[in-house]
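Below is my_file.cif, holding mmCIF, C-alpha atoms (C1' of nucleotides).
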data_query
#
loop_
_atom_site.label_atom_id
_atom_site.label_comp_id
_atom_site.auth_asym_id
_atom_site.auth_seq_id
_atom_site.Cartn_x
_atom_site.Cartn_y
_atom_site.Cartn_z
CA MET S 1094 -18.25 -31.12 -94.87
CA THR S 1095 -14.50 -31.53 -94.45
CA ILE S 1096 -12.30 -32.22 -91.47
CA ASP S 1097 -9.76 -29.58 -90.53
CA ILE S 1098 -6.27 -30.84 -91.26
CA HIS S 1099 -5.19 -30.84 -87.63
CA TYR S 1100 -8.05 -33.02 -86.44
CA LYS S 1101 -7.20 -36.73 -86.22
CA PRO S 1102 -10.42 -38.69 -85.71
CA LEU S 1103 -10.08 -41.47 -83.18
CA PRO S 1104 -9.95 -44.97 -84.73
CA ARG S 1105 -13.03 -47.16 -84.64
CA ASP S 1106 -11.50 -49.69 -82.24
CA PHE S 1107 -11.09 -46.92 -79.68
CA TYR S 1108 -14.76 -47.32 -78.85
CA GLY S 1109 -14.45 -51.06 -78.26
CA GLN S 1110 -12.82 -50.60 -74.86
CA PRO S 1111 -14.70 -51.75 -71.77
CA THR S 1112 -17.01 -48.95 -70.68
CA LEU S 1113 -15.20 -47.97 -67.48
CA LYS S 1114 -11.92 -47.82 -69.37
CA LEU S 1115 -13.45 -45.87 -72.22
CA ALA S 1116 -14.84 -43.33 -69.75
CA GLN S 1117 -11.25 -42.63 -68.70
CA SER S 1118 -9.75 -42.82 -72.19
CA LEU S 1119 -12.21 -40.15 -73.34
CA LEU S 1120 -10.64 -37.63 -70.96
CA GLY S 1121 -8.46 -35.31 -73.03
CA ALA S 1122 -10.10 -36.31 -76.32
CA LEU S 1123 -11.34 -33.50 -78.53
CA LEU S 1124 -15.09 -33.29 -79.14
CA VAL S 1125 -15.68 -31.52 -82.46
CA SER S 1126 -19.04 -30.21 -83.67
CA MET S 1127 -19.61 -28.73 -87.12
CA THR S 1128 -22.84 -26.89 -87.92
CA PRO S 1129 -23.99 -24.42 -90.57
CA ASP S 1130 -23.05 -21.70 -88.08
CA GLY S 1131 -19.46 -22.90 -87.89
CA SER S 1132 -17.23 -25.36 -86.03
CA ALA S 1133 -16.48 -25.57 -82.34
CA SER S 1134 -14.57 -28.04 -80.22
CA GLY S 1135 -13.44 -28.77 -76.69
CA TYR S 1136 -11.34 -31.22 -74.73
CA ILE S 1137 -13.38 -33.66 -72.67
CA VAL S 1138 -12.54 -33.15 -69.00
CA GLU S 1139 -15.33 -35.04 -67.20
CA THR S 1140 -17.29 -38.24 -67.96
CA GLU S 1141 -19.68 -40.69 -66.32
CA ALA S 1142 -20.16 -44.38 -67.14
CA TYR S 1143 -23.62 -45.99 -67.27
CA ILE S 1144 -23.65 -49.75 -67.47
CA GLY S 1145 -27.13 -51.18 -67.96
CA PRO S 1146 -28.85 -53.53 -67.38
CA HIS S 1147 -27.52 -53.89 -63.82
CA ASP S 1148 -26.93 -50.20 -63.13
CA ARG S 1149 -30.01 -48.73 -61.48
CA ALA S 1150 -28.92 -45.23 -62.44
CA ALA S 1151 -28.83 -46.08 -66.15
CA HIS S 1152 -31.76 -45.40 -68.44
CA SER S 1153 -31.25 -48.94 -69.69
CA TYR S 1154 -31.56 -50.51 -66.25
CA ASN S 1155 -33.18 -53.93 -66.38
CA ASN S 1156 -32.73 -53.87 -70.18
CA ARG S 1157 -35.36 -51.19 -70.53
CA ARG S 1158 -35.56 -50.70 -74.27
CA THR S 1159 -37.63 -47.74 -75.43
CA LYS S 1160 -37.56 -45.15 -78.15
CA ARG S 1161 -35.16 -43.16 -75.98
CA THR S 1162 -32.79 -45.93 -74.86
CA GLU S 1163 -32.77 -47.80 -78.18
CA MET S 1164 -29.43 -46.33 -79.22
CA MET S 1165 -27.71 -47.66 -76.09
CA PHE S 1166 -28.20 -51.16 -77.51
CA HIS S 1167 -26.43 -50.29 -80.74
CA ARG S 1168 -22.72 -50.53 -81.52
CA ALA S 1169 -20.05 -48.64 -79.62
CA GLY S 1170 -19.23 -45.20 -80.97
CA LYS S 1171 -22.82 -44.16 -81.67
CA VAL S 1172 -24.27 -40.89 -80.37
CA TYR S 1173 -26.89 -41.25 -77.63
CA THR S 1174 -28.57 -37.91 -76.98
CA PHE S 1175 -31.57 -37.28 -74.77
CA VAL S 1176 -33.42 -34.27 -73.39
CA MET S 1177 -33.38 -33.53 -69.69
CA HIS S 1178 -35.18 -30.50 -68.22
CA THR S 1179 -35.04 -28.76 -71.60
CA HIS S 1180 -31.33 -29.53 -71.99
CA CYS S 1181 -29.84 -31.98 -74.48
CA LEU S 1182 -27.23 -34.35 -72.98
CA VAL S 1183 -24.77 -36.35 -75.07
CA ASN S 1184 -23.34 -39.84 -74.53
CA VAL S 1185 -20.86 -42.08 -76.34
CA VAL S 1186 -22.43 -45.53 -76.75
CA SER S 1187 -20.08 -48.27 -75.49
CA GLY S 1188 -20.00 -52.00 -74.79
CA LYS S 1189 -20.84 -54.86 -77.11
CA LEU S 1190 -23.80 -54.86 -79.47
CA GLU S 1191 -27.07 -55.39 -77.56
CA GLN S 1192 -25.39 -54.46 -74.28
CA PRO S 1193 -26.87 -51.08 -73.29
CA GLU S 1194 -23.88 -49.12 -72.01
CA ALA S 1195 -22.76 -45.53 -72.55
CA VAL S 1196 -20.50 -42.74 -71.31
CA LEU S 1197 -22.01 -39.33 -70.55
CA ILE S 1198 -19.88 -36.33 -71.47
CA ARG S 1199 -20.25 -33.99 -68.50
CA ALA S 1200 -17.81 -31.17 -69.28
CA VAL S 1201 -15.32 -29.92 -71.85
CA GLU S 1202 -12.60 -27.30 -71.95
CA PRO S 1203 -13.19 -25.01 -74.95
CA TYR S 1204 -10.54 -25.32 -77.66
CA ALA S 1205 -11.72 -23.77 -80.94
CA GLY S 1206 -14.75 -21.76 -82.02
CA ILE S 1207 -14.96 -20.02 -78.68
CA ASP S 1208 -16.73 -16.94 -80.07
CA LEU S 1209 -19.41 -19.21 -81.52
CA MET S 1210 -19.80 -20.96 -78.18
CA CYS S 1211 -20.17 -17.63 -76.39
CA ASN S 1212 -22.82 -16.53 -78.89
CA ARG S 1213 -24.80 -19.72 -78.41
CA ARG S 1214 -24.61 -19.46 -74.64
CA LYS S 1215 -25.08 -15.71 -74.62
CA MET S 1216 -22.29 -15.18 -72.13
CA PRO S 1217 -18.61 -14.20 -72.07
CA PHE S 1218 -15.82 -16.77 -71.98
CA GLY S 1219 -15.37 -18.46 -68.63
CA LYS S 1220 -15.71 -21.80 -66.91
CA ASN S 1221 -19.52 -21.54 -66.93
CA LEU S 1222 -19.45 -21.80 -70.71
CA THR S 1223 -19.04 -25.59 -70.77
CA ASN S 1224 -18.74 -26.94 -67.22
CA GLY S 1225 -21.90 -29.07 -67.29
CA PRO S 1226 -23.54 -31.66 -69.58
CA GLY S 1227 -26.34 -29.35 -70.69
CA LYS S 1228 -24.05 -26.35 -71.06
CA LEU S 1229 -21.53 -28.00 -73.36
CA THR S 1230 -24.18 -29.31 -75.75
CA LYS S 1231 -25.66 -25.84 -76.11
CA ALA S 1232 -22.20 -24.31 -76.59
CA LEU S 1233 -21.29 -26.86 -79.25
CA GLY S 1234 -24.69 -26.86 -80.98
CA ILE S 1235 -25.41 -30.52 -80.21
CA THR S 1236 -29.13 -31.40 -80.44
CA MET S 1237 -31.42 -34.41 -80.74
CA GLU S 1238 -30.71 -34.32 -84.48
CA GLN S 1239 -27.44 -36.09 -83.68
CA TYR S 1240 -29.21 -39.07 -82.10
CA GLY S 1241 -27.83 -42.21 -83.76
CA HIS S 1242 -24.99 -40.44 -85.54
CA ASP S 1243 -21.52 -42.03 -85.31
CA PHE S 1244 -18.65 -40.28 -83.50
CA SER S 1245 -16.12 -41.51 -86.08
CA HIS S 1246 -16.94 -38.81 -88.64
CA PRO S 1247 -18.34 -35.27 -89.08
CA PRO S 1248 -20.37 -33.33 -88.35
CA LEU S 1249 -19.98 -34.55 -84.76
CA PHE S 1250 -16.84 -36.55 -84.02
CA LEU S 1251 -14.07 -37.30 -81.57
CA ALA S 1252 -10.44 -36.54 -82.37
CA GLU S 1253 -7.05 -36.99 -80.81
CA GLY S 1254 -6.55 -34.42 -78.07
CA ILE S 1255 -4.22 -34.01 -75.12
CA GLN S 1256 -2.83 -36.25 -72.40
CA PRO S 1257 -5.14 -35.80 -69.43
CA GLY S 1258 -2.56 -35.94 -66.66
CA LYS S 1259 -3.91 -37.13 -63.31
CA ILE S 1260 -7.43 -38.60 -63.33
CA PHE S 1261 -9.75 -38.55 -60.32
CA SER S 1262 -12.92 -40.60 -59.84
CA GLY S 1263 -15.95 -40.51 -57.57
CA PRO S 1264 -19.73 -41.05 -57.37
CA ARG S 1265 -21.91 -39.86 -60.23
CA ILE S 1266 -24.03 -36.73 -60.00
CA GLY S 1267 -27.80 -36.32 -59.94
CA ILE S 1268 -28.79 -39.96 -59.50
CA GLY S 1269 -30.37 -39.82 -56.06
CA ASN S 1270 -32.85 -42.69 -56.20
CA SER S 1271 -30.64 -45.45 -57.52
CA GLY S 1272 -29.83 -47.47 -54.40
CA GLU S 1273 -26.31 -48.83 -54.18
CA ALA S 1274 -25.54 -47.66 -57.71
CA LYS S 1275 -25.49 -44.16 -56.29
CA GLU S 1276 -22.09 -44.86 -54.77
CA TYR S 1277 -20.34 -46.49 -57.72
CA PRO S 1278 -17.26 -44.35 -58.49
CA TRP S 1279 -18.05 -44.15 -62.18
CA ARG S 1280 -17.52 -40.42 -62.62
CA TYR S 1281 -14.09 -39.47 -63.93
CA TRP S 1282 -12.45 -36.09 -64.33
CA ILE S 1283 -9.11 -34.46 -65.02
CA ALA S 1284 -7.62 -33.32 -61.74
CA ASN S 1285 -7.60 -29.57 -61.16
CA ASN S 1286 -9.20 -28.71 -64.48
CA PRO S 1287 -11.31 -25.52 -64.05
CA PHE S 1288 -14.02 -26.72 -66.45
CA VAL S 1289 -15.02 -29.77 -64.38
CA SER S 1290 -18.63 -29.36 -63.24
CA LYS S 1291 -18.18 -29.50 -59.46
"C1'" DG V 972 -54.98 -38.69 -72.29
"C1'" DG V 973 -53.33 -37.70 -67.64
"C1'" DT V 974 -49.65 -37.98 -64.47
"C1'" DT V 975 -45.08 -38.21 -62.86
"C1'" DC V 976 -40.35 -37.34 -62.85
"C1'" DG V 977 -35.86 -36.42 -63.91
"C1'" DA V 978 -27.92 -38.44 -65.94
"C1'" DT V 979 -29.92 -29.91 -65.30
"C1'" DC V 980 -29.37 -24.98 -64.94
"C1'" DC V 981 -29.82 -20.60 -62.92
"C1'" DT V 982 -30.90 -17.44 -59.40
"C1'" DT V 983 -31.64 -16.48 -54.42
"C1'" DA X 66 -32.31 -24.06 -51.39
"C1'" DG X 67 -35.91 -23.70 -54.85
"C1'" DG X 68 -38.21 -22.80 -59.25
"C1'" DA X 69 -38.31 -23.33 -64.30
"C1'" DT X 70 -39.89 -26.38 -67.72
"C1'" DC X 71 -40.97 -30.26 -71.14
"C1'" DG X 72 -40.52 -34.64 -73.34
"C1'" DA X 73 -40.49 -39.44 -72.33
"C1'" DA X 74 -42.19 -43.17 -69.86
"C1'" DC X 75 -45.78 -45.33 -67.66
"C1'" DC X 76 -50.45 -46.31 -66.46
"C1'" DG X 77 -54.73 -46.65 -67.63
#

What's the structure tokens form of this structure?
Amino acid sequence: MTIDIHYKPLPRDFYGQPTLKLAQSLLGALLVSMTPDGSASGYIVETEAYIGPHDRAAHSYNNRRTKRTEMMFHRAGKVYTFVMHTHCLVNVVSGKLEQPEAVLIRAVEPYAGIDLMCNRRKMPFGKNLTNGPGKLTKALGITMEQYGHDFSHPPLFLAEGIQPGKIFSGPRIGIGNSGEAKEYPWRYWIANNPFVSK
DNA sequence: GGTTCGATCCTT
DNA sequence: AGGATCGAACCG
């Protein structure tokens, strides 16, 4: 498996940023997925930070360490995938070792391999192709097989992308029963980008 | 081994 | 606004 010449994988120390900063730095980065069916990629346009153990909305709240959350305790840059309502969602592990933090990738803007993405999603090109965390994983062919992989190299990696322009932030989505954490403005998105989920 | 519940998506 | 749908977590 080789890396296309124009992809510049992000350096390892990129992932060492504090989680809230990483969630913003990820905006504009290129998420690249290579599978036997082909390669596809998209610019990240929306993220959410989860900072266990004090974040009630995080799977790792109260240092909950299970088969599912185990990867959140590993080193920054690892792939944390989990299944939600039949959809696979993908996170970038962040924070220091043994500190269970991660950034959820909520939406991307398709860049390459668009035909492949349309085939996987069984729909024509449009914002609905990748404007949600479960949609983009299906479009890019990301599954639980990537759990524990490292974003620094193929077949699933992050590469230098575009400058995001203006960044907005606000409360996270779909975390109703998490008390005060519900209002933390830990969701970030590129202003006016049509592929943002809401 | 049964029960509960989503970091969602899609269609009214 | 509501149903689909299924694995993980939790409780026993």

inquiry  = Tell me as a PyMOL selection string which residues belonging to chain S come within 10 Å of chain X, counting all atoms listed in the file.
reply    = chain S and resi 1159-1161+1175-1180

request  = Please write as a list in words the full residue list that the PyMOL selection byres ((chain V) within 10 of (chain S)) yields on this file.
outcome  = DG977, DA978, DT979 and DC980 of chain V

Applying 9 Å and all atoms listed in the file, which residues near Pro1111 of chain S remain after dropping the ones on its own chain fewer than 3 positions away? List them as a compact mmCIF listing (two decimals) with C-alpha atoms, in the frame of the given file.
# COMPACT_ATOMS: atom_id res chain seq x y z
CA TYR S 1108 -14.76 -47.32 -78.85
CA LYS S 1114 -11.92 -47.82 -69.37
CA LEU S 1115 -13.45 -45.87 -72.22
CA ALA S 1116 -14.84 -43.33 -69.75
CA SER S 1187 -20.08 -48.27 -75.49
CA GLY S 1188 -20.00 -52.00 -74.79
CA LYS S 1189 -20.84 -54.86 -77.11

Where does the PyMOL selection byres ((chain S and resi 1213) around 12) land in this file, that is, which residues does it pick, as a short mmCIF file (atom, residue, chain, number, x, y, z; two decimals) with C-alpha atoms, keeping the file's coordinate frame?
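Final output, saved to expr-v2.cif:
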data_model
loop_
_atom_site.label_atom_id
_atom_site.label_comp_id
_atom_site.auth_asym_id
_atom_site.auth_seq_id
_atom_site.Cartn_x
_atom_site.Cartn_y
_atom_site.Cartn_z
CA ASP S 1130 -23.05 -21.70 -88.08
CA GLY S 1131 -19.46 -22.90 -87.89
CA ALA S 1133 -16.48 -25.57 -82.34
CA GLY S 1206 -14.75 -21.76 -82.02
CA ILE S 1207 -14.96 -20.02 -78.68
CA ASP S 1208 -16.73 -16.94 -80.07
CA LEU S 1209 -19.41 -19.21 -81.52
CA MET S 1210 -19.80 -20.96 -78.18
CA CYS S 1211 -20.17 -17.63 -76.39
CA ASN S 1212 -22.82 -16.53 -78.89
CA ARG S 1214 -24.61 -19.46 -74.64
CA LYS S 1215 -25.08 -15.71 -74.62
CA MET S 1216 -22.29 -15.18 -72.13
CA PRO S 1217 -18.61 -14.20 -72.07
CA PHE S 1218 -15.82 -16.77 -71.98
CA LEU S 1222 -19.45 -21.80 -70.71
CA THR S 1223 -19.04 -25.59 -70.77
CA LYS S 1228 -24.05 -26.35 -71.06
CA LEU S 1229 -21.53 -28.00 -73.36
CA THR S 1230 -24.18 -29.31 -75.75
CA LYS S 1231 -25.66 -25.84 -76.11
CA ALA S 1232 -22.20 -24.31 -76.59
CA LEU S 1233 -21.29 -26.86 -79.25
CA GLY S 1234 -24.69 -26.86 -80.98
CA ILE S 1235 -25.41 -30.52 -80.21
#

message = Quick check, in Å to one decimal: how far apart do atom CA of Pro1264 of chain S and atom CA of Pro1104 of chain S lie?
response =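 Value for the atom CA of Pro1264 of chain S-atom CA of Pro1104 of chain S distance: 29.3 Å.
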